[in-house]
>>> print(open('target.cif').read())   # mmCIF, C-alpha atoms and all ligand atoms
data_coords
#
loop_
_atom_site.label_atom_id
_atom_site.label_comp_id
_atom_site.auth_asym_id
_atom_site.auth_seq_id
_atom_site.Cartn_x
_atom_site.Cartn_y
_atom_site.Cartn_z
CA MET A 1397 0.00 0.00 0.00
CA LEU A 1398 1.23 3.45 -0.94
CA ARG A 1399 2.07 6.03 1.72
CA ILE A 1400 1.19 9.29 0.03
CA THR A 1401 3.58 12.20 0.18
CA HIS A 1402 2.12 14.38 -2.58
CA MET A 1403 -1.52 15.38 -2.49
CA ALA A 1404 -1.65 15.25 -6.30
CA GLN A 1405 -1.05 11.48 -6.08
CA ALA A 1406 -3.97 11.06 -3.69
CA ALA A 1407 -6.21 13.18 -5.88
CA HIS A 1408 -5.24 11.14 -8.92
CA ILE A 1409 -6.20 7.89 -7.18
CA ILE A 1410 -9.56 9.35 -6.12
CA ARG A 1411 -10.32 10.64 -9.61
CA SER A 1412 -9.47 7.23 -11.08
CA GLY A 1413 -11.98 5.49 -8.82
CA GLY A 1414 -9.60 4.31 -6.08
CA ILE A 1415 -9.70 4.36 -2.28
CA VAL A 1416 -7.47 6.56 -0.11
CA ALA A 1417 -7.43 6.54 3.70
CA PHE A 1418 -6.93 10.04 5.13
CA PRO A 1419 -6.59 11.73 8.52
CA THR A 1420 -9.29 13.86 10.10
CA GLU A 1421 -9.46 15.53 13.50
CA THR A 1422 -11.72 12.71 14.80
CA VAL A 1423 -10.54 9.38 13.34
CA TYR A 1424 -9.09 8.29 9.98
CA GLY A 1425 -11.53 7.95 7.07
CA LEU A 1426 -11.60 5.53 4.13
CA GLY A 1427 -12.37 7.81 1.20
CA ALA A 1428 -13.68 7.56 -2.35
CA ASN A 1429 -15.21 10.01 -4.85
CA ALA A 1430 -18.74 10.57 -3.48
CA PHE A 1431 -20.11 10.93 -7.03
CA ASP A 1432 -18.69 7.59 -8.18
CA GLY A 1433 -20.93 4.70 -7.08
CA ARG A 1434 -18.46 2.06 -8.26
CA ALA A 1435 -15.63 3.53 -6.20
CA VAL A 1436 -17.87 3.80 -3.14
CA LYS A 1437 -18.84 0.14 -3.52
CA LYS A 1438 -15.18 -0.78 -3.00
CA ILE A 1439 -15.27 0.89 0.43
CA PHE A 1440 -18.13 -1.32 1.61
CA LYS A 1441 -16.22 -4.38 0.38
CA ALA A 1442 -12.89 -3.42 1.97
CA LYS A 1443 -14.52 -2.69 5.36
CA GLY A 1444 -16.93 -5.60 5.29
CA ARG A 1445 -19.60 -2.97 5.93
CA PRO A 1446 -23.30 -3.88 5.62
CA SER A 1447 -24.76 -2.11 2.57
CA ASP A 1448 -27.62 -0.60 4.63
CA ASN A 1449 -25.23 1.57 6.66
CA PRO A 1450 -24.73 4.95 4.89
CA LEU A 1451 -21.46 6.90 4.65
CA ILE A 1452 -20.57 10.48 5.58
CA VAL A 1453 -19.77 12.85 2.70
CA HIS A 1454 -16.75 15.06 3.48
CA ILE A 1455 -16.59 18.49 1.87
CA ALA A 1456 -14.13 21.40 1.79
CA SER A 1457 -16.36 24.29 0.66
CA MET A 1458 -19.89 25.65 0.79
CA ARG A 1459 -20.07 25.10 -2.97
CA GLN A 1460 -19.69 21.36 -2.36
CA LEU A 1461 -22.41 21.51 0.31
CA LYS A 1462 -24.78 22.81 -2.37
CA GLN A 1463 -23.73 20.02 -4.72
CA VAL A 1464 -24.54 17.22 -2.28
CA THR A 1465 -27.66 18.52 -0.47
CA CYS A 1466 -31.03 19.89 -1.52
CA GLY A 1467 -31.91 23.03 0.46
CA ASN A 1468 -30.87 24.02 3.96
CA PRO A 1469 -33.19 23.05 6.82
CA GLN A 1470 -33.72 25.37 9.79
CA ASN A 1471 -30.61 26.03 11.92
CA THR A 1472 -28.18 24.75 9.28
CA MET A 1473 -26.32 28.01 8.81
CA SER A 1474 -25.93 28.86 12.49
CA LEU A 1475 -24.53 25.37 13.18
CA ILE A 1476 -22.15 25.60 10.23
CA LYS A 1477 -20.95 29.03 11.32
CA LYS A 1478 -20.21 27.78 14.79
CA PHE A 1479 -18.88 24.26 14.19
CA TRP A 1480 -17.45 23.95 10.66
CA PRO A 1481 -14.86 22.98 9.86
CA GLY A 1482 -15.25 20.53 12.73
CA PRO A 1483 -16.60 17.25 14.12
CA LEU A 1484 -20.32 17.89 13.54
CA THR A 1485 -22.04 15.83 10.82
CA LEU A 1486 -25.36 17.20 9.57
CA VAL A 1487 -28.05 14.97 8.06
CA MET A 1488 -30.02 16.79 5.35
CA LYS A 1489 -31.99 16.03 2.18
CA LYS A 1490 -29.68 14.62 -0.47
CA SER A 1491 -29.17 15.96 -3.98
CA LYS A 1492 -29.61 13.81 -7.08
CA LYS A 1493 -25.87 13.85 -7.66
CA ILE A 1494 -25.21 11.56 -4.69
CA PRO A 1495 -25.57 7.90 -5.71
CA HIS A 1496 -27.89 5.74 -3.59
CA ILE A 1497 -25.08 3.47 -2.49
CA VAL A 1498 -23.55 6.38 -0.49
CA THR A 1499 -26.74 6.93 1.53
CA ALA A 1500 -27.75 3.25 1.61
CA GLY A 1501 -30.94 4.14 -0.24
CA LEU A 1502 -31.98 6.93 2.18
CA GLN A 1503 -33.23 10.26 0.81
CA THR A 1504 -30.93 12.06 3.26
CA VAL A 1505 -27.17 12.54 3.24
CA ALA A 1506 -24.78 13.02 6.17
CA VAL A 1507 -22.25 15.82 5.50
CA ARG A 1508 -19.32 17.32 7.33
CA MET A 1509 -16.35 19.60 6.74
CA PRO A 1510 -13.39 18.14 8.66
CA ASP A 1511 -11.15 20.43 10.72
CA HIS A 1512 -7.86 19.00 9.53
CA PRO A 1513 -5.54 20.81 7.10
CA VAL A 1514 -4.50 17.58 5.36
CA ALA A 1515 -8.10 16.39 4.94
CA LEU A 1516 -9.14 19.75 3.49
CA ARG A 1517 -6.19 19.82 1.12
CA PHE A 1518 -6.96 16.26 0.05
CA ILE A 1519 -10.63 17.05 -0.70
CA LYS A 1520 -9.72 20.27 -2.53
CA ALA A 1521 -7.06 18.55 -4.62
CA SER A 1522 -9.53 15.78 -5.54
CA ARG A 1523 -12.07 18.43 -6.65
CA VAL A 1524 -14.95 16.16 -5.55
CA PRO A 1525 -16.64 15.51 -2.21
CA ILE A 1526 -15.21 12.44 -0.47
CA ALA A 1527 -17.54 9.71 0.85
CA ALA A 1528 -15.87 8.05 3.82
CA PRO A 1529 -16.69 5.84 6.77
CA SER A 1530 -14.18 5.45 9.59
CA ALA A 1531 -11.09 3.54 8.39
CA ASN A 1532 -11.48 0.32 10.37
CA ILE A 1533 -12.76 -3.17 9.64
CA SER A 1534 -16.50 -3.15 10.34
CA GLY A 1535 -17.25 -3.60 14.05
CA LYS A 1536 -13.67 -2.98 15.20
CA PRO A 1537 -12.22 0.08 16.99
CA SER A 1538 -11.71 3.06 14.68
CA ALA A 1539 -8.22 4.04 13.48
CA THR A 1540 -6.62 7.07 15.12
CA ASN A 1541 -3.27 6.87 13.33
CA ALA A 1542 -1.94 5.63 9.98
CA LYS A 1543 -0.49 2.46 11.56
CA HIS A 1544 -3.96 1.37 12.65
CA VAL A 1545 -5.15 1.84 9.06
CA MET A 1546 -2.23 -0.22 7.71
CA HIS A 1547 -3.00 -2.95 10.25
CA ASP A 1548 -6.61 -3.26 9.04
CA PHE A 1549 -6.23 -2.58 5.31
CA GLU A 1550 -2.71 -3.45 4.14
CA GLY A 1551 -3.08 -4.67 0.57
CA ARG A 1552 -6.80 -3.91 0.45
CA ILE A 1553 -6.85 -0.18 -0.35
CA ASP A 1554 -4.80 1.98 -2.70
CA ALA A 1555 -3.13 4.40 -0.30
CA VAL A 1556 -3.03 6.04 3.09
CA ILE A 1557 -2.13 9.65 3.85
CA ASP A 1558 -0.25 9.78 7.16
CA GLY A 1559 -1.38 12.82 9.15
CA GLY A 1560 -0.16 11.66 12.55
CA GLN A 1561 -2.35 11.11 15.58
CA ALA A 1562 -6.02 12.18 15.40
CA LYS A 1563 -6.78 15.06 17.75
CA HIS A 1564 -10.16 13.96 19.18
CA GLY A 1565 -9.93 10.17 18.83
CA VAL A 1566 -13.72 9.72 18.73
CA GLU A 1567 -16.02 10.19 15.76
CA SER A 1568 -18.07 13.26 14.87
CA THR A 1569 -21.50 13.93 16.33
CA VAL A 1570 -24.25 13.03 13.83
CA LEU A 1571 -27.18 15.47 14.00
CA ASP A 1572 -30.40 14.93 12.04
CA LEU A 1573 -31.72 18.29 10.82
CA THR A 1574 -34.66 16.80 8.91
CA VAL A 1575 -36.68 16.45 12.13
CA HIS A 1576 -37.82 19.08 14.59
CA PRO A 1577 -36.33 19.43 17.13
CA ALA A 1578 -33.05 18.21 15.61
CA ALA A 1579 -31.95 14.77 16.89
CA ILE A 1580 -28.50 13.45 17.76
CA LEU A 1581 -28.22 10.10 15.99
CA ARG A 1582 -24.71 9.45 17.30
CA PRO A 1583 -23.05 11.37 20.15
CA GLY A 1584 -19.52 12.47 19.24
CA ALA A 1585 -16.74 14.99 19.67
CA ILE A 1586 -19.17 17.97 19.76
CA THR A 1587 -21.38 17.69 22.83
CA LYS A 1588 -25.17 18.01 23.09
CA GLU A 1589 -24.61 20.98 25.40
CA GLN A 1590 -22.46 22.76 22.78
CA ILE A 1591 -25.15 22.28 20.12
CA GLU A 1592 -27.93 23.43 22.44
CA ARG A 1593 -26.08 26.66 23.16
CA VAL A 1594 -26.50 27.48 19.45
CA ILE A 1595 -29.96 26.13 18.46
CA GLY A 1596 -31.75 25.32 21.71
CA SER A 1597 -33.09 21.89 22.73
CA VAL A 1598 -32.16 18.83 20.72
CA THR A 1599 -32.97 15.19 21.49
CA PHE A 1600 -30.94 11.99 21.60
CA ALA A 1601 -32.49 9.58 19.08
CA ARG A 1602 -33.33 6.33 20.81
CA THR A 1603 -30.77 3.65 19.98
CA GLY A 1604 -33.65 1.54 18.67
CA SER A 1605 -34.39 3.95 15.82
CA VAL A 1606 -32.81 1.68 13.29
CA VAL A 1607 -34.53 3.26 10.30
CA LYS A 1608 -33.17 6.72 11.07
CA SER A 1609 -29.60 5.67 11.72
CA PRO A 1610 -28.88 2.23 10.37
CA GLY A 1611 -25.38 2.19 11.84
CA MET A 1612 -26.75 1.99 15.35
CA LYS A 1613 -27.96 -1.58 15.13
CA TYR A 1614 -24.55 -3.07 14.46
CA ARG A 1615 -21.75 -4.13 16.76
CA HIS A 1616 -19.18 -1.34 16.92
CA TYR A 1617 -15.85 -0.20 18.24
CA ALA A 1618 -15.16 -3.60 19.84
CA PRO A 1619 -11.73 -5.11 20.47
CA LEU A 1620 -11.28 -8.90 20.57
CA ALA A 1621 -10.85 -8.70 24.35
CA LYS A 1622 -13.95 -8.64 26.52
CA VAL A 1623 -14.74 -5.08 27.65
CA VAL A 1624 -15.88 -4.95 31.30
CA LEU A 1625 -17.36 -1.68 32.56
CA CYS A 1626 -16.72 -0.88 36.23
CA ALA A 1627 -18.15 2.01 38.25
CA SER A 1628 -15.06 2.52 40.42
CA LEU A 1629 -11.44 1.69 40.89
CA GLN A 1630 -12.44 -0.62 43.76
CA GLU A 1631 -14.76 -2.55 41.44
CA ILE A 1632 -11.98 -2.94 38.89
CA GLN A 1633 -9.68 -4.33 41.56
CA LYS A 1634 -12.36 -6.69 42.88
CA ARG A 1635 -13.25 -8.03 39.47
CA ARG A 1636 -9.66 -8.45 38.44
CA ARG A 1637 -8.83 -10.37 41.63
CA LYS A 1638 -11.73 -12.67 40.94
CA LYS A 1639 -10.33 -13.41 37.52
CA SER A 1640 -6.85 -13.64 39.06
CA ALA A 1641 -5.72 -11.47 36.17
CA VAL A 1642 -2.38 -9.86 36.89
CA ILE A 1643 -0.26 -8.05 34.35
CA ALA A 1644 2.99 -10.00 34.42
CA GLY A 1645 5.52 -9.91 31.60
CA LYS A 1646 3.90 -10.98 28.37
CA LYS A 1647 1.22 -13.13 29.92
CA VAL A 1648 -1.31 -10.38 30.28
CA ALA A 1649 -4.70 -11.72 31.12
CA GLY A 1650 -6.38 -8.39 31.66
CA VAL A 1651 -5.68 -4.70 31.48
CA SER A 1652 -7.41 -1.75 33.18
CA PHE A 1653 -8.10 1.75 31.91
CA VAL A 1654 -8.59 4.13 34.75
CA PHE A 1655 -10.24 7.48 34.25
CA ILE A 1656 -7.75 10.34 33.92
CA ASN A 1657 -9.78 12.95 32.11
CA GLU A 1658 -12.42 12.70 29.43
CA ARG A 1659 -10.46 14.28 26.59
CA HIS A 1660 -7.52 11.99 27.25
CA LEU A 1661 -9.74 8.92 27.48
CA ALA A 1662 -11.58 9.80 24.24
CA LYS A 1663 -8.35 10.48 22.42
CA ASN A 1664 -6.74 7.17 23.41
CA LEU A 1665 -9.63 4.74 23.81
CA TYR A 1666 -9.42 3.05 20.42
CA HIS A 1667 -5.62 2.98 20.51
CA TRP A 1668 -5.69 1.29 23.91
CA PHE A 1669 -8.26 -1.24 22.69
CA ARG A 1670 -6.00 -2.06 19.78
CA GLU A 1671 -2.92 -2.30 22.02
CA ALA A 1672 -4.75 -4.67 24.39
CA ASP A 1673 -5.59 -6.93 21.44
CA LYS A 1674 -1.98 -6.84 20.27
CA LYS A 1675 -0.88 -8.04 23.70
CA GLY A 1676 -3.49 -10.79 23.65
CA CYS A 1677 -5.45 -9.51 26.65
CA GLY A 1678 -8.53 -11.51 27.55
CA SER A 1679 -10.32 -8.64 29.31
CA ILE A 1680 -10.22 -4.88 29.42
CA PHE A 1681 -11.58 -3.30 32.61
CA VAL A 1682 -12.67 0.30 32.05
CA GLN A 1683 -13.76 2.78 34.67
CA THR A 1684 -17.02 4.40 33.55
CA VAL A 1685 -17.48 8.17 33.40
CA SER A 1686 -20.51 10.37 34.12
CA GLU A 1687 -22.70 11.03 31.09
CA ASN A 1688 -22.34 14.77 30.70
CA GLY A 1689 -20.60 16.46 27.80
CA LEU A 1690 -17.97 14.23 26.23
CA GLY A 1691 -18.81 11.60 28.89
CA ALA A 1692 -22.02 10.78 26.97
CA THR A 1693 -19.95 10.02 23.86
CA ILE A 1694 -17.43 7.90 25.74
CA MET A 1695 -20.17 5.87 27.45
CA ASN A 1696 -21.93 5.34 24.11
CA ARG A 1697 -18.75 3.82 22.65
CA LEU A 1698 -17.96 1.79 25.79
CA ARG A 1699 -21.45 0.29 25.96
CA LYS A 1700 -21.32 -0.72 22.33
CA ALA A 1701 -17.85 -2.18 22.73
CA ALA A 1702 -19.01 -4.10 25.82
CA SER A 1703 -22.20 -5.46 24.25
CA PHE A 1704 -22.78 -8.31 21.82
CA LYS A 1705 -20.55 -10.68 23.79
O1 LIG A 1801 -15.76 11.44 12.64
C1 LIG A 1801 -16.39 10.80 11.80
O2 LIG A 1801 -17.62 10.94 11.64
C2 LIG A 1801 -15.62 9.81 10.93
C3 LIG A 1801 -14.63 10.59 10.06
C4 LIG A 1801 -13.91 9.73 9.09
O3 LIG A 1801 -15.32 11.63 9.42
N1 LIG A 1801 -16.49 9.02 10.13
C5 LIG A 1801 -17.32 8.06 10.64
O4 LIG A 1801 -18.06 7.38 9.70
O5 LIG A 1801 -17.39 7.82 11.83
P1 LIG A 1801 -18.86 6.03 10.01
O6 LIG A 1801 -19.23 5.51 8.69
O7 LIG A 1801 -18.06 5.16 10.87
O8 LIG A 1801 -20.15 6.52 10.76
C6 LIG A 1801 -21.14 7.25 10.07
C7 LIG A 1801 -22.40 7.27 10.89
C8 LIG A 1801 -23.07 5.90 10.93
O9 LIG A 1801 -23.63 5.70 12.23
C9 LIG A 1801 -24.17 6.05 9.88
O10 LIG A 1801 -25.27 5.19 10.11
C10 LIG A 1801 -24.55 7.51 10.04
O11 LIG A 1801 -23.31 8.17 10.27
N2 LIG A 1801 -25.15 8.07 8.81
C11 LIG A 1801 -24.57 8.30 7.62
N3 LIG A 1801 -25.45 8.79 6.73
C12 LIG A 1801 -26.63 8.88 7.37
C13 LIG A 1801 -27.94 9.32 7.00
N4 LIG A 1801 -28.21 9.74 5.78
N5 LIG A 1801 -28.91 9.27 7.94
C14 LIG A 1801 -28.64 8.84 9.20
N6 LIG A 1801 -27.42 8.40 9.62
C15 LIG A 1801 -26.44 8.42 8.72
MG MG A 1802 -17.34 3.73 12.09
#
>>> encode(input="target.cif", output="structure tokens")
Amino acid sequence: MLRITHMAQAAHIIRSGGIVAFPTETVYGLGANAFDGRAVKKIFKAKGRPSDNPLIVHIASMRQLKQVTCGNPQNTMSLIKKFWPGPLTLVMKKSKKIPHIVTAGLQTVAVRMPDHPVALRFIKASRVPIAAPSANISGKPSATNAKHVMHDFEGRIDAVIDGGQAKHGVESTVLDLTVHPAAILRPGAITKEQIERVIGSVTFARTGSVVKSPGMKYRHYAPLAKVVLCASLQEIQKRRRKKSAVIAGKKVAGVSFVFINERHLAKNLYHWFREADKKGCGSIFVQTVSENGLGATIMNRLRKAASFK
């Protein structure tokens, strides 16, 4: 797999129907030309992603927003002014130019402008919007550096652009603007509180609303190791003793993540999951956090990672 050094190379691959992984401020994305249904199909195949789970379209200008959507619902401009470029994905009515495979047959499209200089340069050089899911094998923890991408996709995609470590480490917040009040379909790097300061009350879509956000019904973010959520440090210690899991040399039976601060936890969570798998850990004990602000996002990811076992 090619490690891109010149943006023109990446743009050439995109314009010839290839797939390029690229950095964003949240996690790495697996990108293709959003107007090219055949290229987008390759993404679903490489990830092993179910075809009913739509992709996010990444843009670098307001002109591209017009190309991919059809009219601006209420509150769009104030949210864009405040949060773009940034980790807020807006769900709006799609334009005819977006092939159905991108939106998994939905009449809406999820759009965001990433706050990462390399991502913006990449989209601009490609001269098309970039459809991209997170750059991980379906169901696994997302990739927060280029090495993670190589681990999952070596030999299966055309190239990766190495932009170092992702700043946030958790995905964007997905906000549905086609309903009133607007609904958070996936909590993310921008908090509910931040959004409400701009447009007033929004709701959290129930996790059961499969039709609205197909991605929510699938297993996500999960390492091979069993993720055990613990309310306190004492509980972690108790549970670990029970399992007689002691970190000793290479024979690591379990590993614990103890709360330091939310930003740090969000930034490193997926990396730590991946490291635990590399070491062959059987269990990962994680101290839970309170569900305010970024805590709501972290708990969403932890619950999903801990379920389906
Ligand atoms: O931070 C991020 O959002 C990263 C970076 C690469 O931008 N991308 C990402 O993509 O996390 P992905 O594919 O892993 O998650 C996209 C989420 C899924 O839950 C999907 O169901 C939802 O967005 N989604 C996409 N289009 C939608 C639509 N039209 N209506 C409702 N949900 C949609
Ligand atoms: Mg994902």
>>> residues_near_ligand(input="target.cif", ligand="ligand LIG 1801 (chain A)", cutoff="8 Å", atoms="all atoms listed in the file", output="count of residues only")
49
>>> atom_distance(input="target.cif", atom1="CA of His1544 in chain A", atom2="CA of Pro1495 in chain A")
29.1 Å
>>> residues_around(input="target.cif", residues="range 1432-1441 of chain A", least_positions_apart="2", cutoff="12 Å", atoms="all atoms listed in the file", output="VMD selection string")
chain A and resid 1409 to 1417 1425 to 1430 1443 to 1453 1493 to 1500 1524 to 1534 1549 1552 to 1554
>>> atom_distance(input="target.cif", atom1="CA of Gly1467 in chain A", atom2="CA of Lys1489 in chain A")
7.2 Å
>>> atom_distance(input="target.cif", atom1="CA of Arg1635 in chain A", atom2="CA of Glu1687 in chain A")
22.9 Å
>>> closest_residue(input="target.cif", among="A:Gly1501, A:Pro1537, A:Gly1565, A:Pro1577", to="ligand MG 1802 (chain A)", atoms="only C-alpha atoms and all ligand atoms")
A:Pro1537
>>> residues_around(input="target.cif", residues="Arg1593 in chain A", least_positions_apart="6", cutoff="12 Å", atoms="only C-alpha atoms", output="PDB file with C-alpha atoms, keeping the file's coordinate frame")
ATOM      1  CA  SER A1474     -25.930  28.860  12.490  1.00  0.00           C
ATOM      2  CA  LEU A1475     -24.530  25.370  13.180  1.00  0.00           C
ATOM      3  CA  LYS A1478     -20.210  27.780  14.790  1.00  0.00           C
ATOM      4  CA  PHE A1479     -18.880  24.260  14.190  1.00  0.00           C
ATOM      5  CA  ILE A1586     -19.170  17.970  19.760  1.00  0.00           C
ATOM      6  CA  THR A1587     -21.380  17.690  22.830  1.00  0.00           C
TER       7      THR A1587
END
>>> closest_residue(input="target.cif", among="A:Ser1491, A:Gln1561, A:Thr1540, A:Thr1599", to="ligand MG 1802 (chain A)", atoms="only C-alpha atoms and all ligand atoms")
A:Thr1540
>>> closest_residue(input="target.cif", among="A:Pro1481, A:Ala1627, A:Met1403, A:Asn1468", to="Leu1573 in chain A", atoms="all atoms listed in the file")
A:Asn1468
>>> closest_residue(input="target.cif", among="A:Ala1562, A:Ala1662, A:Ala1601, A:Leu1625", to="Lys1588 in chain A", atoms="all atoms listed in the file")
A:Ala1601
>>> closest_residue(input="target.cif", among="A:Arg1659, A:Asp1511, A:Lys1492, A:Tyr1666", to="ligand MG 1802 (chain A)", atoms="all atoms listed in the file")
A:Tyr1666
>>> closest_residue(input="target.cif", among="A:Ala1672, A:Lys1700, A:Ser1679, A:Gln1405", to="ligand MG 1802 (chain A)", atoms="only C-alpha atoms and all ligand atoms")
A:Lys1700
>>> residues_near_point(input="target.cif", point="(-21.6, 12.6, 32.1)", cutoff="12 Å", atoms="all atoms listed in the file", output="CSV table (one decimal) with C-alpha atoms, keeping the file's coordinate frame")
chain,number,residue,atom,x,y,z
A,1587,THR,CA,-21.4,17.7,22.8
A,1588,LYS,CA,-25.2,18.0,23.1
A,1589,GLU,CA,-24.6,21.0,25.4
A,1657,ASN,CA,-9.8,13.0,32.1
A,1658,GLU,CA,-12.4,12.7,29.4
A,1684,THR,CA,-17.0,4.4,33.6
A,1685,VAL,CA,-17.5,8.2,33.4
A,1686,SER,CA,-20.5,10.4,34.1
A,1687,GLU,CA,-22.7,11.0,31.1
A,1688,ASN,CA,-22.3,14.8,30.7
A,1689,GLY,CA,-20.6,16.5,27.8
A,1690,LEU,CA,-18.0,14.2,26.2
A,1691,GLY,CA,-18.8,11.6,28.9
A,1692,ALA,CA,-22.0,10.8,27.0
A,1693,THR,CA,-20.0,10.0,23.9
A,1694,ILE,CA,-17.4,7.9,25.7
A,1695,MET,CA,-20.2,5.9,27.4
A,1696,ASN,CA,-21.9,5.3,24.1
>>> build_atoms(input="target.cif", residues="range 1593-1600 of chain A", atoms="all heavy atoms", output="PDB file, in the frame of the given file")
ATOM      1  N   ARG A1593     -26.405  25.240  22.958  1.00  0.00           N
ATOM      2  CA  ARG A1593     -26.080  26.660  23.160  1.00  0.00           C
ATOM      3  C   ARG A1593     -26.317  27.451  21.874  1.00  0.00           C
ATOM      4  O   ARG A1593     -26.523  28.649  21.902  1.00  0.00           O
ATOM      5  CB  ARG A1593     -24.634  26.825  23.643  1.00  0.00           C
ATOM      6  CG  ARG A1593     -24.496  26.598  25.164  1.00  0.00           C
ATOM      7  CD  ARG A1593     -23.220  27.216  25.710  1.00  0.00           C
ATOM      8  NE  ARG A1593     -22.036  26.428  25.388  1.00  0.00           N
ATOM      9  CZ  ARG A1593     -21.640  25.364  26.095  1.00  0.00           C
ATOM     10  NH1 ARG A1593     -22.310  24.971  27.153  1.00  0.00           N
ATOM     11  NH2 ARG A1593     -20.561  24.687  25.740  1.00  0.00           N
ATOM     12  N   VAL A1594     -26.313  26.789  20.732  1.00  0.00           N
ATOM     13  CA  VAL A1594     -26.500  27.480  19.450  1.00  0.00           C
ATOM     14  C   VAL A1594     -27.947  27.426  18.957  1.00  0.00           C
ATOM     15  O   VAL A1594     -28.492  28.421  18.492  1.00  0.00           O
ATOM     16  CB  VAL A1594     -25.555  26.893  18.369  1.00  0.00           C
ATOM     17  CG1 VAL A1594     -25.743  27.591  17.031  1.00  0.00           C
ATOM     18  CG2 VAL A1594     -24.110  27.002  18.830  1.00  0.00           C
ATOM     19  N   ILE A1595     -28.608  26.252  19.070  1.00  0.00           N
ATOM     20  CA  ILE A1595     -29.960  26.130  18.460  1.00  0.00           C
ATOM     21  C   ILE A1595     -31.054  25.729  19.457  1.00  0.00           C
ATOM     22  O   ILE A1595     -32.168  25.416  19.055  1.00  0.00           O
ATOM     23  CB  ILE A1595     -29.956  25.140  17.264  1.00  0.00           C
ATOM     24  CG1 ILE A1595     -29.556  23.723  17.706  1.00  0.00           C
ATOM     25  CG2 ILE A1595     -29.059  25.630  16.143  1.00  0.00           C
ATOM     26  CD1 ILE A1595     -29.854  22.657  16.654  1.00  0.00           C
ATOM     27  N   GLY A1596     -30.740  25.727  20.732  1.00  0.00           N
ATOM     28  CA  GLY A1596     -31.750  25.320  21.710  1.00  0.00           C
ATOM     29  C   GLY A1596     -31.862  23.810  21.792  1.00  0.00           C
ATOM     30  O   GLY A1596     -30.995  23.084  21.277  1.00  0.00           O
ATOM     31  N   SER A1597     -32.955  23.331  22.409  1.00  0.00           N
ATOM     32  CA  SER A1597     -33.090  21.890  22.730  1.00  0.00           C
ATOM     33  C   SER A1597     -32.973  20.965  21.539  1.00  0.00           C
ATOM     34  O   SER A1597     -33.596  21.199  20.507  1.00  0.00           O
ATOM     35  CB  SER A1597     -34.453  21.653  23.364  1.00  0.00           C
ATOM     36  OG  SER A1597     -34.371  21.946  24.709  1.00  0.00           O
ATOM     37  N   VAL A1598     -32.182  19.923  21.697  1.00  0.00           N
ATOM     38  CA  VAL A1598     -32.160  18.830  20.720  1.00  0.00           C
ATOM     39  C   VAL A1598     -32.376  17.532  21.506  1.00  0.00           C
ATOM     40  O   VAL A1598     -32.245  17.521  22.724  1.00  0.00           O
ATOM     41  CB  VAL A1598     -30.817  18.751  19.940  1.00  0.00           C
ATOM     42  CG1 VAL A1598     -30.589  20.021  19.146  1.00  0.00           C
ATOM     43  CG2 VAL A1598     -29.630  18.499  20.865  1.00  0.00           C
ATOM     44  N   THR A1599     -32.717  16.454  20.788  1.00  0.00           N
ATOM     45  CA  THR A1599     -32.970  15.190  21.490  1.00  0.00           C
ATOM     46  C   THR A1599     -31.882  14.189  21.142  1.00  0.00           C
ATOM     47  O   THR A1599     -31.156  14.355  20.156  1.00  0.00           O
ATOM     48  CB  THR A1599     -34.325  14.589  21.063  1.00  0.00           C
ATOM     49  OG1 THR A1599     -34.254  14.331  19.654  1.00  0.00           O
ATOM     50  CG2 THR A1599     -35.466  15.543  21.358  1.00  0.00           C
ATOM     51  N   PHE A1600     -31.772  13.142  21.948  1.00  0.00           N
ATOM     52  CA  PHE A1600     -30.940  11.990  21.600  1.00  0.00           C
ATOM     53  C   PHE A1600     -31.879  10.980  20.951  1.00  0.00           C
ATOM     54  O   PHE A1600     -32.851  10.563  21.587  1.00  0.00           O
ATOM     55  CB  PHE A1600     -30.342  11.343  22.855  1.00  0.00           C
ATOM     56  CG  PHE A1600     -29.004  11.905  23.254  1.00  0.00           C
ATOM     57  CD1 PHE A1600     -28.790  12.356  24.546  1.00  0.00           C
ATOM     58  CD2 PHE A1600     -27.945  11.943  22.354  1.00  0.00           C
ATOM     59  CE1 PHE A1600     -27.552  12.862  24.933  1.00  0.00           C
ATOM     60  CE2 PHE A1600     -26.705  12.454  22.723  1.00  0.00           C
ATOM     61  CZ  PHE A1600     -26.512  12.910  24.016  1.00  0.00           C
TER      62      PHE A1600
END
